[in-house]
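Enquirer: What follows is entry.cif; its format and atoms are mmCIF, C-alpha atoms.
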```cif
data_query
loop_
_atom_site.group_PDB
_atom_site.id
_atom_site.type_symbol
_atom_site.label_atom_id
_atom_site.label_comp_id
_atom_site.auth_asym_id
_atom_site.auth_seq_id
_atom_site.Cartn_x
_atom_site.Cartn_y
_atom_site.Cartn_z
ATOM 1 C CA MET A 1 47.134 -13.669 27.277
ATOM 2 C CA ARG A 2 46.053 -15.266 30.553
ATOM 3 C CA VAL A 3 48.093 -17.516 32.833
ATOM 4 C CA VAL A 4 46.525 -20.533 34.517
ATOM 5 C CA TYR A 5 48.239 -22.632 37.165
ATOM 6 C CA GLY A 6 47.316 -26.128 38.261
ATOM 7 C CA GLY A 7 48.928 -28.585 40.653
ATOM 8 C CA PHE A 8 48.395 -32.302 40.049
ATOM 9 C CA ALA A 9 49.413 -35.072 42.450
ATOM 10 C CA ALA A 10 48.617 -38.219 40.512
ATOM 11 C CA ALA A 11 48.427 -39.340 36.898
ATOM 12 C CA LEU A 12 44.953 -39.709 35.400
ATOM 13 C CA HIS A 13 43.506 -43.070 34.444
ATOM 14 C CA PRO A 14 44.351 -44.870 32.167
ATOM 15 C CA PHE A 15 47.852 -43.370 31.992
ATOM 16 C CA ARG A 16 50.545 -43.937 34.622
ATOM 17 C CA TYR A 17 53.562 -41.668 34.642
ATOM 18 C CA GLY A 18 55.961 -41.159 37.514
ATOM 19 C CA CYS A 19 55.571 -37.383 37.626
ATOM 20 C CA PRO A 20 56.612 -35.664 40.842
ATOM 21 C CA ALA A 21 53.813 -34.805 43.231
ATOM 22 C CA ASP A 22 54.619 -31.087 43.044
ATOM 23 C CA PHE A 23 54.579 -30.929 39.229
ATOM 24 C CA LYS A 24 52.757 -27.760 38.229
ATOM 25 C CA LEU A 25 51.428 -26.842 34.814
ATOM 26 C CA CYS A 26 51.459 -23.185 33.803
ATOM 27 C CA ILE A 27 49.308 -22.646 30.728
ATOM 28 C CA ARG A 28 49.938 -19.547 28.613
ATOM 29 C CA SER A 29 48.628 -19.132 25.085
ATOM 30 C CA GLY A 30 48.666 -16.739 22.163
ATOM 31 C CA VAL A 31 47.440 -16.641 18.566
ATOM 32 C CA TRP A 32 48.216 -14.785 15.357
ATOM 33 C CA SER A 33 46.393 -14.798 12.017
ATOM 34 C CA ASP A 34 47.029 -13.303 8.592
ATOM 35 C CA ILE A 35 44.984 -13.279 5.406
ATOM 36 C CA GLY A 36 48.061 -14.198 3.371
ATOM 37 C CA ASN A 37 47.651 -13.966 -0.403
ATOM 38 C CA ARG A 38 43.929 -14.775 -0.351
ATOM 39 C CA GLN A 39 41.143 -12.295 -1.078
ATOM 40 C CA CYS A 40 39.323 -13.109 2.168
ATOM 41 C CA MET A 41 40.110 -14.571 5.574
ATOM 42 C CA GLU A 42 38.372 -17.908 6.163
ATOM 43 C CA ASP A 43 40.235 -19.082 9.292
ATOM 44 C CA GLU A 44 38.656 -19.058 12.746
ATOM 45 C CA HIS A 45 40.167 -19.942 16.106
ATOM 46 C CA VAL A 46 39.293 -20.188 19.780
ATOM 47 C CA LEU A 47 41.489 -19.829 22.881
ATOM 48 C CA VAL A 48 40.145 -20.722 26.316
ATOM 49 C CA ASP A 49 42.886 -20.904 28.929
ATOM 50 C CA ASP A 50 40.436 -21.371 31.814
ATOM 51 C CA LEU A 51 37.293 -23.384 31.040
ATOM 52 C CA GLU A 52 35.718 -22.797 34.438
ATOM 53 C CA GLU A 53 36.010 -19.031 34.063
ATOM 54 C CA TYR A 54 34.827 -19.122 30.443
ATOM 55 C CA LEU A 55 31.800 -21.362 30.987
ATOM 56 C CA GLY A 56 30.782 -20.185 34.436
ATOM 57 C CA PRO A 57 29.874 -22.248 37.525
ATOM 58 C CA GLU A 58 26.808 -23.809 35.875
ATOM 59 C CA ALA A 59 29.116 -25.922 33.694
ATOM 60 C CA LEU A 60 30.198 -27.917 36.774
ATOM 61 C CA ILE A 61 33.803 -28.321 35.616
ATOM 62 C CA THR A 62 35.486 -30.228 38.439
ATOM 63 C CA THR A 63 39.081 -29.965 37.267
ATOM 64 C CA SER A 64 41.278 -27.303 35.709
ATOM 65 C CA GLY A 65 40.790 -27.206 31.965
ATOM 66 C CA SER A 66 41.680 -25.401 28.744
ATOM 67 C CA TYR A 67 40.334 -25.559 25.186
ATOM 68 C CA TYR A 68 41.838 -24.474 21.858
ATOM 69 C CA GLY A 69 40.741 -24.790 18.255
ATOM 70 C CA VAL A 70 41.693 -23.849 14.716
ATOM 71 C CA PHE A 71 39.100 -24.024 11.929
ATOM 72 C CA TYR A 72 39.806 -23.494 8.232
ATOM 73 C CA SER A 73 36.807 -22.936 5.965
ATOM 74 C CA HIS A 74 36.464 -23.446 2.243
ATOM 75 C CA ASP A 75 33.748 -22.034 -0.037
ATOM 76 C CA GLY A 76 33.072 -19.310 2.525
ATOM 77 C CA LYS A 77 33.543 -18.621 6.215
ATOM 78 C CA ASN A 78 30.136 -19.684 7.523
ATOM 79 C CA ALA A 79 31.046 -23.262 8.412
ATOM 80 C CA ALA A 80 34.119 -22.268 10.442
ATOM 81 C CA GLN A 81 32.143 -19.628 12.325
ATOM 82 C CA PHE A 82 29.326 -22.086 13.082
ATOM 83 C CA VAL A 83 31.671 -24.803 14.352
ATOM 84 C CA LYS A 84 33.636 -22.312 16.439
ATOM 85 C CA GLU A 85 30.439 -21.073 18.103
ATOM 86 C CA LYS A 86 28.598 -24.383 18.581
ATOM 87 C CA LEU A 87 31.094 -27.225 19.055
ATOM 88 C CA LEU A 88 32.187 -26.453 22.624
ATOM 89 C CA ASN A 89 28.565 -26.142 23.759
ATOM 90 C CA TYR A 90 27.767 -29.627 22.458
ATOM 91 C CA ILE A 91 30.812 -31.006 24.269
ATOM 92 C CA VAL A 92 30.305 -29.488 27.718
ATOM 93 C CA SER A 93 26.528 -30.077 27.708
ATOM 94 C CA ASP A 94 27.031 -33.847 27.334
ATOM 95 C CA VAL A 95 26.409 -35.590 30.652
ATOM 96 C CA ALA A 96 29.464 -37.801 30.054
ATOM 97 C CA PHE A 97 31.829 -34.793 29.951
ATOM 98 C CA PRO A 98 34.563 -34.658 31.211
ATOM 99 C CA ILE A 99 34.698 -38.354 32.172
ATOM 100 C CA GLU A 100 34.513 -39.804 28.646
ATOM 101 C CA VAL A 101 36.231 -37.046 26.697
ATOM 102 C CA GLU A 102 37.062 -39.039 23.555
ATOM 103 C CA GLU A 103 33.529 -40.345 23.026
ATOM 104 C CA VAL A 104 31.960 -36.990 23.902
ATOM 105 C CA VAL A 105 34.135 -35.055 21.465
ATOM 106 C CA GLN A 106 33.534 -37.514 18.626
ATOM 107 C CA HIS A 107 29.784 -37.315 19.186
ATOM 108 C CA ALA A 108 29.887 -33.506 19.409
ATOM 109 C CA TYR A 109 31.671 -33.225 16.048
ATOM 110 C CA LEU A 110 28.897 -35.273 14.405
ATOM 111 C CA GLU A 111 26.167 -33.308 16.209
ATOM 112 C CA THR A 112 27.677 -30.024 15.064
ATOM 113 C CA ASP A 113 27.924 -31.324 11.508
ATOM 114 C CA ALA A 114 24.260 -32.331 11.492
ATOM 115 C CA ALA A 115 23.209 -29.009 13.041
ATOM 116 C CA PHE A 116 24.962 -27.039 10.325
ATOM 117 C CA ALA A 117 23.419 -29.249 7.642
ATOM 118 C CA ASN A 118 20.020 -28.308 9.071
ATOM 119 C CA ALA A 119 20.978 -24.620 9.107
ATOM 120 C CA CYS A 120 22.066 -24.839 5.463
ATOM 121 C CA SER A 121 18.780 -26.501 4.486
ATOM 122 C CA LEU A 122 16.998 -23.413 5.832
ATOM 123 C CA ASN A 123 19.475 -20.945 4.329
ATOM 124 C CA ASN A 124 21.414 -22.186 1.315
ATOM 125 C CA ALA A 125 23.686 -19.127 1.456
ATOM 126 C CA LEU A 126 25.435 -20.677 4.481
ATOM 127 C CA SER A 127 26.669 -23.671 2.462
ATOM 128 C CA SER A 128 30.406 -24.195 2.938
ATOM 129 C CA GLY A 129 32.802 -26.523 4.729
ATOM 130 C CA THR A 130 35.578 -26.452 7.283
ATOM 131 C CA THR A 131 38.330 -28.570 8.730
ATOM 132 C CA ALA A 132 38.831 -28.473 12.486
ATOM 133 C CA ILE A 133 41.340 -29.348 15.159
ATOM 134 C CA THR A 134 40.501 -28.935 18.838
ATOM 135 C CA VAL A 135 42.614 -29.481 21.939
ATOM 136 C CA PHE A 136 41.334 -30.141 25.454
ATOM 137 C CA ILE A 137 43.653 -30.015 28.461
ATOM 138 C CA LEU A 138 41.978 -31.400 31.580
ATOM 139 C CA ALA A 139 44.318 -31.509 34.560
ATOM 140 C CA ARG A 140 47.405 -33.068 32.897
ATOM 141 C CA GLU A 141 45.568 -35.047 30.212
ATOM 142 C CA ILE A 142 45.562 -33.647 26.688
ATOM 143 C CA SER A 143 43.060 -34.750 24.036
ATOM 144 C CA VAL A 144 43.518 -33.673 20.415
ATOM 145 C CA ALA A 145 40.603 -34.159 17.993
ATOM 146 C CA ASN A 146 41.254 -33.603 14.303
ATOM 147 C CA ALA A 147 39.103 -33.718 11.178
ATOM 148 C CA GLY A 148 41.033 -32.458 8.174
ATOM 149 C CA ASP A 149 44.533 -31.116 7.655
ATOM 150 C CA CYS A 150 45.050 -28.597 10.431
ATOM 151 C CA ARG A 151 47.766 -29.981 12.705
ATOM 152 C CA ALA A 152 49.107 -29.911 16.264
ATOM 153 C CA VAL A 153 52.588 -30.840 17.456
ATOM 154 C CA LEU A 154 54.024 -30.992 20.955
ATOM 155 C CA CYS A 155 57.562 -30.058 21.973
ATOM 156 C CA ARG A 156 58.902 -32.356 24.679
ATOM 157 C CA ARG A 157 62.337 -31.152 25.783
ATOM 158 C CA GLY A 158 63.223 -30.148 22.239
ATOM 159 C CA LYS A 159 61.761 -33.243 20.578
ATOM 160 C CA VAL A 160 58.705 -33.296 18.334
ATOM 161 C CA ILE A 161 55.708 -35.357 19.456
ATOM 162 C CA GLU A 162 53.037 -35.744 16.768
ATOM 163 C CA VAL A 163 49.594 -35.434 18.334
ATOM 164 C CA SER A 164 47.478 -35.327 15.174
ATOM 165 C CA ARG A 165 47.445 -36.774 11.659
ATOM 166 C CA ASP A 166 46.535 -34.975 8.437
ATOM 167 C CA HIS A 167 43.496 -36.531 6.779
ATOM 168 C CA LYS A 168 44.570 -36.263 3.176
ATOM 169 C CA PRO A 169 42.584 -38.424 0.730
ATOM 170 C CA HIS A 170 45.459 -40.813 -0.017
ATOM 171 C CA VAL A 171 45.821 -41.566 3.709
ATOM 172 C CA GLU A 172 42.249 -42.916 3.804
ATOM 173 C CA ARG A 173 42.073 -44.384 0.315
ATOM 174 C CA SER A 174 40.728 -47.780 1.431
ATOM 175 C CA ARG A 175 37.853 -46.239 3.422
ATOM 176 C CA ILE A 176 37.021 -43.811 0.606
ATOM 177 C CA GLU A 177 36.968 -46.455 -2.102
ATOM 178 C CA ALA A 178 34.956 -48.846 0.083
ATOM 179 C CA LEU A 179 32.232 -46.170 0.191
ATOM 180 C CA GLY A 180 32.239 -45.664 -3.560
ATOM 181 C CA GLY A 181 34.411 -42.554 -3.547
ATOM 182 C CA TYR A 182 37.571 -41.954 -5.543
ATOM 183 C CA ILE A 183 40.696 -39.814 -5.545
ATOM 184 C CA TYR A 184 41.502 -37.696 -8.585
ATOM 185 C CA ASP A 185 44.750 -35.739 -8.700
ATOM 186 C CA GLY A 186 44.939 -35.904 -4.901
ATOM 187 C CA TYR A 187 41.380 -34.619 -4.396
ATOM 188 C CA LEU A 188 38.465 -36.515 -2.876
ATOM 189 C CA ASN A 189 35.967 -37.117 -5.697
ATOM 190 C CA GLY A 190 37.882 -34.414 -7.554
ATOM 191 C CA TYR A 191 36.650 -31.703 -5.144
ATOM 192 C CA LEU A 192 38.410 -31.618 -1.768
ATOM 193 C CA SER A 193 42.012 -32.037 -0.644
ATOM 194 C CA VAL A 194 40.885 -33.609 2.666
ATOM 195 C CA ALA A 195 39.081 -36.825 3.568
ATOM 196 C CA ARG A 196 37.434 -35.473 6.734
ATOM 197 C CA ALA A 197 35.680 -32.157 7.256
ATOM 198 C CA PHE A 198 32.534 -30.535 8.560
ATOM 199 C CA GLU A 199 29.625 -29.686 6.280
ATOM 200 C CA ASN A 200 30.084 -29.643 2.434
ATOM 201 C CA TRP A 201 26.569 -31.037 2.131
ATOM 202 C CA HIS A 202 26.135 -28.796 -0.913
ATOM 203 C CA ILE A 203 28.599 -30.921 -2.925
ATOM 204 C CA GLU A 204 26.667 -33.885 -4.310
ATOM 205 C CA GLY A 205 28.041 -37.315 -3.481
ATOM 206 C CA LEU A 206 30.453 -36.192 -0.747
ATOM 207 C CA LYS A 207 28.296 -36.100 2.375
ATOM 208 C CA GLY A 208 25.562 -38.297 3.784
ATOM 209 C CA VAL A 209 24.942 -41.979 4.466
ATOM 210 C CA ASN A 210 27.664 -44.180 2.950
ATOM 211 C CA CYS A 211 29.475 -41.192 1.433
ATOM 212 C CA PRO A 212 33.277 -40.769 1.621
ATOM 213 C CA LEU A 213 33.585 -37.391 3.402
ATOM 214 C CA ILE A 214 33.081 -37.701 7.157
ATOM 215 C CA ALA A 215 33.207 -35.271 10.077
ATOM 216 C CA GLU A 216 34.202 -37.895 12.646
ATOM 217 C CA PRO A 217 37.465 -36.764 14.246
ATOM 218 C CA GLU A 218 40.501 -38.834 15.046
ATOM 219 C CA VAL A 219 41.207 -38.350 18.764
ATOM 220 C CA ARG A 220 44.652 -38.795 20.286
ATOM 221 C CA ARG A 221 45.311 -38.584 24.016
ATOM 222 C CA ALA A 222 48.443 -38.237 26.106
ATOM 223 C CA MET A 223 49.580 -37.163 29.551
ATOM 224 C CA LEU A 224 51.616 -33.992 29.879
ATOM 225 C CA THR A 225 54.917 -34.367 31.738
ATOM 226 C CA PRO A 226 57.418 -31.918 33.260
ATOM 227 C CA ASP A 227 59.426 -32.164 30.010
ATOM 228 C CA ASP A 228 56.590 -30.812 27.851
ATOM 229 C CA GLU A 229 57.379 -27.227 26.857
ATOM 230 C CA PHE A 230 54.792 -26.012 24.336
ATOM 231 C CA MET A 231 52.381 -26.961 21.570
ATOM 232 C CA ILE A 232 51.856 -25.464 18.113
ATOM 233 C CA ILE A 233 48.410 -25.650 16.488
ATOM 234 C CA GLY A 234 48.201 -24.410 12.919
ATOM 235 C CA CYS A 235 46.086 -24.420 9.780
ATOM 236 C CA ASP A 236 47.230 -26.194 6.627
ATOM 237 C CA GLY A 237 48.620 -23.003 5.101
ATOM 238 C CA PHE A 238 51.206 -22.867 7.858
ATOM 239 C CA TRP A 239 52.182 -26.531 7.561
ATOM 240 C CA ASP A 240 52.545 -26.152 3.786
ATOM 241 C CA VAL A 241 55.855 -24.367 4.415
ATOM 242 C CA PHE A 242 56.948 -25.810 7.779
ATOM 243 C CA THR A 243 57.834 -29.357 8.762
ATOM 244 C CA ASN A 244 57.027 -30.424 12.305
ATOM 245 C CA GLU A 245 60.708 -30.298 13.211
ATOM 246 C CA SER A 246 61.413 -26.901 11.654
ATOM 247 C CA ALA A 247 58.340 -25.349 13.314
ATOM 248 C CA VAL A 248 59.280 -26.636 16.763
ATOM 249 C CA ALA A 249 62.922 -25.605 16.382
ATOM 250 C CA PHE A 250 61.935 -22.112 15.189
ATOM 251 C CA ALA A 251 59.356 -21.627 17.954
ATOM 252 C CA ARG A 252 61.714 -22.921 20.615
ATOM 253 C CA ARG A 253 64.389 -20.376 19.659
ATOM 254 C CA ARG A 254 61.888 -17.529 19.733
ATOM 255 C CA LEU A 255 60.438 -18.575 23.089
ATOM 256 C CA GLN A 256 63.952 -18.718 24.505
ATOM 257 C CA GLN A 257 64.362 -15.105 23.378
ATOM 258 C CA HIS A 258 61.087 -13.560 24.608
ATOM 259 C CA ASN A 259 59.019 -16.336 26.286
ATOM 260 C CA ASP A 260 55.800 -14.851 24.860
ATOM 261 C CA PRO A 261 53.366 -17.312 23.179
ATOM 262 C CA GLU A 262 51.485 -14.598 21.290
ATOM 263 C CA GLN A 263 54.696 -13.094 19.925
ATOM 264 C CA CYS A 264 55.852 -16.611 19.056
ATOM 265 C CA SER A 265 52.666 -17.176 17.020
ATOM 266 C CA HIS A 266 53.265 -13.842 15.297
ATOM 267 C CA ASP A 267 56.863 -14.840 14.528
ATOM 268 C CA LEU A 268 55.744 -18.179 13.071
ATOM 269 C CA VAL A 269 53.135 -16.544 10.826
ATOM 270 C CA ASP A 270 55.620 -13.915 9.627
ATOM 271 C CA GLU A 271 58.139 -16.638 8.815
ATOM 272 C CA ALA A 272 55.487 -18.618 6.918
ATOM 273 C CA LEU A 273 54.744 -15.514 4.841
ATOM 274 C CA ARG A 274 58.458 -15.057 4.214
ATOM 275 C CA ARG A 275 58.540 -18.667 2.997
ATOM 276 C CA CYS A 276 55.789 -17.765 0.498
ATOM 277 C CA SER A 277 52.790 -19.542 1.988
ATOM 278 C CA SER A 278 49.917 -18.737 -0.354
ATOM 279 C CA ASN A 279 47.078 -19.459 2.061
ATOM 280 C CA ASN A 280 45.332 -17.976 5.093
ATOM 281 C CA LEU A 281 47.482 -18.425 8.183
ATOM 282 C CA THR A 282 46.525 -19.072 11.799
ATOM 283 C CA VAL A 283 48.905 -20.304 14.490
ATOM 284 C CA VAL A 284 48.173 -20.940 18.172
ATOM 285 C CA THR A 285 51.060 -21.420 20.606
ATOM 286 C CA VAL A 286 50.304 -22.959 24.005
ATOM 287 C CA CYS A 287 53.102 -22.951 26.590
ATOM 288 C CA PHE A 288 53.056 -25.349 29.542
ATOM 289 C CA GLN A 289 55.848 -23.836 31.622
ATOM 290 C CA LYS A 290 56.366 -20.458 33.264
ATOM 291 C CA SER A 291 60.017 -20.364 32.210
ATOM 292 C CA PRO A 292 61.292 -20.360 28.613
ATOM 293 C CA PRO A 293 62.500 -23.651 27.105
ATOM 294 C CA PRO A 294 65.921 -24.609 28.520
ATOM 295 C CA ARG A 295 68.968 -24.471 26.283
ATOM 296 C CA LEU A 296 70.089 -27.961 25.335
ATOM 297 C CA PHE A 297 72.934 -27.162 22.932
ATOM 298 C CA PRO A 298 75.930 -27.716 25.270
ATOM 299 C CA ARG A 299 74.895 -31.301 26.023
ATOM 300 C CA PHE A 300 74.143 -31.925 22.362
ATOM 301 C CA MET A 301 77.550 -30.568 21.342
ATOM 302 C CA ALA A 302 79.277 -32.703 23.973
ATOM 303 C CA ARG A 303 77.642 -35.848 22.622
ATOM 304 C CA ARG A 304 78.651 -34.944 19.094
ATOM 305 C CA CYS A 305 82.264 -34.381 20.144
ATOM 306 C CA MET A 306 82.404 -37.703 21.981
ATOM 307 C CA HIS A 307 80.955 -39.504 18.975
ATOM 308 C CA PHE A 308 83.477 -37.835 16.679
ATOM 309 C CA GLU A 309 86.407 -38.792 18.923
ATOM 310 C CA LYS A 310 85.312 -42.437 18.899
ATOM 311 C CA GLN A 311 85.511 -42.418 15.118
ATOM 312 C CA LEU A 312 89.144 -41.220 15.102
#
```
Show me the file's structure as structure tokens.

Expert:
Amino acid sequence: MRVVYGGFAAALHPFRYGCPADFKLCIRSGVWSDIGNRQCMEDEHVLVDDLEEYLGPEALITTSGSYYGVFYSHDGKNAAQFVKEKLLNYIVSDVAFPIEVEEVVQHAYLETDAAFANACSLNNALSSGTTAITVFILAREISVANAGDCRAVLCRRGKVIEVSRDHKPHVERSRIEALGGYIYDGYLNGYLSVARAFENWHIEGLKGVNCPLIAEPEVRRAMLTPDDEFMIIGCDGFWDVFTNESAVAFARRRLQQHNDPEQCSHDLVDEALRRCSSNNLTVVTVCFQKSPPPRLFPRFMARRCMHFEKQL
């Protein structure tokens, strides 16, 4: 676990928040994975707390930055490994990075998808697919790109902020049907439980021009504030047994106890196993403060008591 500090005096365009000039972000991250009840581990992840250190001076990163990703393969691990290794390179090599992050990331997802399709055409044994969620933090701006059903949630002073959306087939029914696809028993064309993913070119009718499965990510952006405490990024196996609210509440209690993002990720995975998750499990916890989350219960209890007295 590394710790990265950054001081930021003004909000980034196009967002305007009245953050204090001395607001400092302290980024600390940790990850934990478990094979679960599967025969093999198909999850991959990446943690980069300091982009400048990771990429080296030739990358010309002009602001503090971090990068995180969770990738969940199906039909083998090759797709997740390929995306993990190649995606960041496509992003940072774009001349528009980091000015036009949203456009760059969307283009990089499609470039990576096409590159793996080419690799699979040369070696059919690589054929597989993967969902992906990636998070960029540049200065105080956070950009979350998602293709599939991995998920990220933000804790802002105890409250859940959704920063990604699961791309289940029923969510994108109109787009799928407009392209000639269909949903059978919750599965896209009867094959996949997601409407967006990398690769899967080996499944006829899913991928290609005017086909329903796309690798284009949905990108959501926000500005971090002094009230933002931590973020949880997890694969679908974790979210199968946790709601957004229960995950944030559980993680917040554990961080108040030990203030360790890696241990928190371990705790979340162990709890998911206890709740009988039947899938591979990967959880990344990213903390934005040096101190543990503050305890909010006394104020909450006071409000409840006042409300109760008014009812008497």

Enquirer: List every residue of stretch 53-108 of chain A that has an atom at most 12 Å from any atom of stretch 233-250 of chain A, giving for each one its closest atom pair and the distance in Å to one decimal, counting only C-alpha atoms, sorted by chain and then by ascending residue number, as CSV.

Expert:
```
residue,atom,partner,partner_atom,distance
A:Tyr67,CA,A:Ile233,CA,11.9
A:Tyr68,CA,A:Ile233,CA,8.6
A:Gly69,CA,A:Ile233,CA,7.9
A:Val70,CA,A:Cys235,CA,6.6
A:Phe71,CA,A:Cys235,CA,7.3
A:Tyr72,CA,A:Cys235,CA,6.5
A:Ser73,CA,A:Cys235,CA,10.1
A:His74,CA,A:Asp236,CA,11.9
```

Enquirer: Store the residues of this selection in a file with C-alpha atoms, as a compact mmCIF listing (two decimals), in the frame of the given file.

Expert:
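Listing of result_3.txt after writing:
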```
# COMPACT_ATOMS: atom_id res chain seq x y z
CA TYR A 67 40.33 -25.56 25.19
CA TYR A 68 41.84 -24.47 21.86
CA GLY A 69 40.74 -24.79 18.26
CA VAL A 70 41.69 -23.85 14.72
CA PHE A 71 39.10 -24.02 11.93
CA TYR A 72 39.81 -23.49 8.23
CA SER A 73 36.81 -22.94 5.96
CA HIS A 74 36.46 -23.45 2.24
```

Enquirer: Wanna dump the stretch 47-97 of chain A-stretch 101-111 of chain A contacts at 10 Å for me, each residue with its shortest atom pair and the distance in Å to one decimal, counting all atoms listed in the file, ordered by chain and number, as CSV?

Expert:
```
residue,atom,partner,partner_atom,distance
A:Val83,CA,A:Tyr109,CA,8.6
A:Lys86,CA,A:Ala108,CA,9.3
A:Leu87,CA,A:Ala108,CA,6.4
A:Leu88,CA,A:Ala108,CA,8.1
A:Asn89,CA,A:Ala108,CA,8.7
A:Tyr90,CA,A:Ala108,CA,5.4
A:Ile91,CA,A:Ala108,CA,5.5
A:Val92,CA,A:Val104,CA,8.6
A:Ser93,CA,A:Val104,CA,9.6
A:Asp94,CA,A:Val104,CA,6.8
A:Val95,CA,A:Val104,CA,8.9
A:Ala96,CA,A:Val104,CA,6.7
A:Phe97,CA,A:Val101,CA,5.9
```

Enquirer: Report as JSON lines: every residue of stretch 42-132 of chain A with an atom at most 6 Å from stretch 195-203 of chain A, its closest pair of atoms, and their distance in Å to one decimal, counting all atoms listed in the file, with rows sorted by chain and ascending residue number.

Expert:
```
{"residue": "A:Asp113", "atom": "CA", "partner": "A:Phe198", "partner_atom": "CA", "distance": 5.5}
{"residue": "A:Ser128", "atom": "CA", "partner": "A:Asn200", "partner_atom": "CA", "distance": 5.5}
{"residue": "A:Gly129", "atom": "CA", "partner": "A:Asn200", "partner_atom": "CA", "distance": 4.7}
{"residue": "A:Thr130", "atom": "CA", "partner": "A:Phe198", "partner_atom": "CA", "distance": 5.3}
{"residue": "A:Thr131", "atom": "CA", "partner": "A:Ala197", "partner_atom": "CA", "distance": 4.7}
```

Enquirer: Once the PyMOL selection byres ((chain A and resi 48-59) around 12) has been evaluated on this model, what residues remain selected, and can you format them as a PyMOL selection string?

Expert: chain A and resi 1-6+25-31+45-47+60-69+84+88-95+97-98+134-139+284-288

Enquirer: I'd like the interatomic distance between atom CA of A:Glu100 and atom CA of A:Ala132, to a tenth of an Å.

Expert: 20.2 Å

Enquirer: Find the distance between atom CA of A:Leu255 and atom CA of A:Arg38 and write it in Å to one decimal.

Expert: 28.9 Å

Enquirer: List, as a PDB file with C-alpha atoms, in the frame of the given file, every residue that the PyMOL selection byres ((chain A and resi 37) around 10) selects in the file provided.

Expert:
```pdb
ATOM      1  CA  ASP A  34      47.029 -13.303   8.592  1.00  0.00           C
ATOM      2  CA  ILE A  35      44.984 -13.279   5.406  1.00  0.00           C
ATOM      3  CA  GLY A  36      48.061 -14.198   3.371  1.00  0.00           C
ATOM      4  CA  ARG A  38      43.929 -14.775  -0.351  1.00  0.00           C
ATOM      5  CA  GLN A  39      41.143 -12.295  -1.078  1.00  0.00           C
ATOM      6  CA  CYS A  40      39.323 -13.109   2.168  1.00  0.00           C
ATOM      7  CA  MET A  41      40.110 -14.571   5.574  1.00  0.00           C
ATOM      8  CA  LEU A 273      54.744 -15.514   4.841  1.00  0.00           C
ATOM      9  CA  CYS A 276      55.789 -17.765   0.498  1.00  0.00           C
ATOM     10  CA  SER A 277      52.790 -19.542   1.988  1.00  0.00           C
ATOM     11  CA  SER A 278      49.917 -18.737  -0.354  1.00  0.00           C
ATOM     12  CA  ASN A 279      47.078 -19.459   2.061  1.00  0.00           C
ATOM     13  CA  ASN A 280      45.332 -17.976   5.093  1.00  0.00           C
ATOM     14  CA  LEU A 281      47.482 -18.425   8.183  1.00  0.00           C
TER      15      LEU A 281
END
```

Enquirer: Written as a PDB file with C-alpha atoms, in the frame of the given file, which residues does the PyMOL selection byres ((chain A and resi 166) around 12) give for the file shown?

Expert:
```pdb
ATOM      1  CA  THR A 131      38.330 -28.570   8.730  1.00  0.00           C
ATOM      2  CA  ALA A 132      38.831 -28.473  12.486  1.00  0.00           C
ATOM      3  CA  ILE A 133      41.340 -29.348  15.159  1.00  0.00           C
ATOM      4  CA  ALA A 145      40.603 -34.159  17.993  1.00  0.00           C
ATOM      5  CA  ASN A 146      41.254 -33.603  14.303  1.00  0.00           C
ATOM      6  CA  ALA A 147      39.103 -33.718  11.178  1.00  0.00           C
ATOM      7  CA  GLY A 148      41.033 -32.458   8.174  1.00  0.00           C
ATOM      8  CA  ASP A 149      44.533 -31.116   7.655  1.00  0.00           C
ATOM      9  CA  CYS A 150      45.050 -28.597  10.431  1.00  0.00           C
ATOM     10  CA  ARG A 151      47.766 -29.981  12.705  1.00  0.00           C
ATOM     11  CA  ALA A 152      49.107 -29.911  16.264  1.00  0.00           C
ATOM     12  CA  VAL A 153      52.588 -30.840  17.456  1.00  0.00           C
ATOM     13  CA  GLU A 162      53.037 -35.744  16.768  1.00  0.00           C
ATOM     14  CA  VAL A 163      49.594 -35.434  18.334  1.00  0.00           C
ATOM     15  CA  SER A 164      47.478 -35.327  15.174  1.00  0.00           C
ATOM     16  CA  ARG A 165      47.445 -36.774  11.659  1.00  0.00           C
ATOM     17  CA  HIS A 167      43.496 -36.531   6.779  1.00  0.00           C
ATOM     18  CA  LYS A 168      44.570 -36.263   3.176  1.00  0.00           C
ATOM     19  CA  PRO A 169      42.584 -38.424   0.730  1.00  0.00           C
ATOM     20  CA  HIS A 170      45.459 -40.813  -0.017  1.00  0.00           C
ATOM     21  CA  VAL A 171      45.821 -41.566   3.709  1.00  0.00           C
ATOM     22  CA  GLU A 172      42.249 -42.916   3.804  1.00  0.00           C
ATOM     23  CA  SER A 193      42.012 -32.037  -0.644  1.00  0.00           C
ATOM     24  CA  VAL A 194      40.885 -33.609   2.666  1.00  0.00           C
ATOM     25  CA  ALA A 195      39.081 -36.825   3.568  1.00  0.00           C
ATOM     26  CA  ARG A 196      37.434 -35.473   6.734  1.00  0.00           C
ATOM     27  CA  ALA A 197      35.680 -32.157   7.256  1.00  0.00           C
ATOM     28  CA  PRO A 217      37.465 -36.764  14.246  1.00  0.00           C
ATOM     29  CA  GLU A 218      40.501 -38.834  15.046  1.00  0.00           C
ATOM     30  CA  GLY A 234      48.201 -24.410  12.919  1.00  0.00           C
ATOM     31  CA  CYS A 235      46.086 -24.420   9.780  1.00  0.00           C
ATOM     32  CA  ASP A 236      47.230 -26.194   6.627  1.00  0.00           C
ATOM     33  CA  TRP A 239      52.182 -26.531   7.561  1.00  0.00           C
ATOM     34  CA  ASP A 240      52.545 -26.152   3.786  1.00  0.00           C
TER      35      ASP A 240
END
```

Enquirer: Using all atoms of stretch 98-115 of chain A listed in the file and a margin of 3 Å per side, can you give the axis-aligned box centre and edge lengths in Å to one decimal, as AutoDock Vina command-line options?

Expert:
```
--center_x 30.1 --center_y -34.7 --center_z 21.8 --size_x 19.9 --size_y 17.3 --size_z 26.7
```
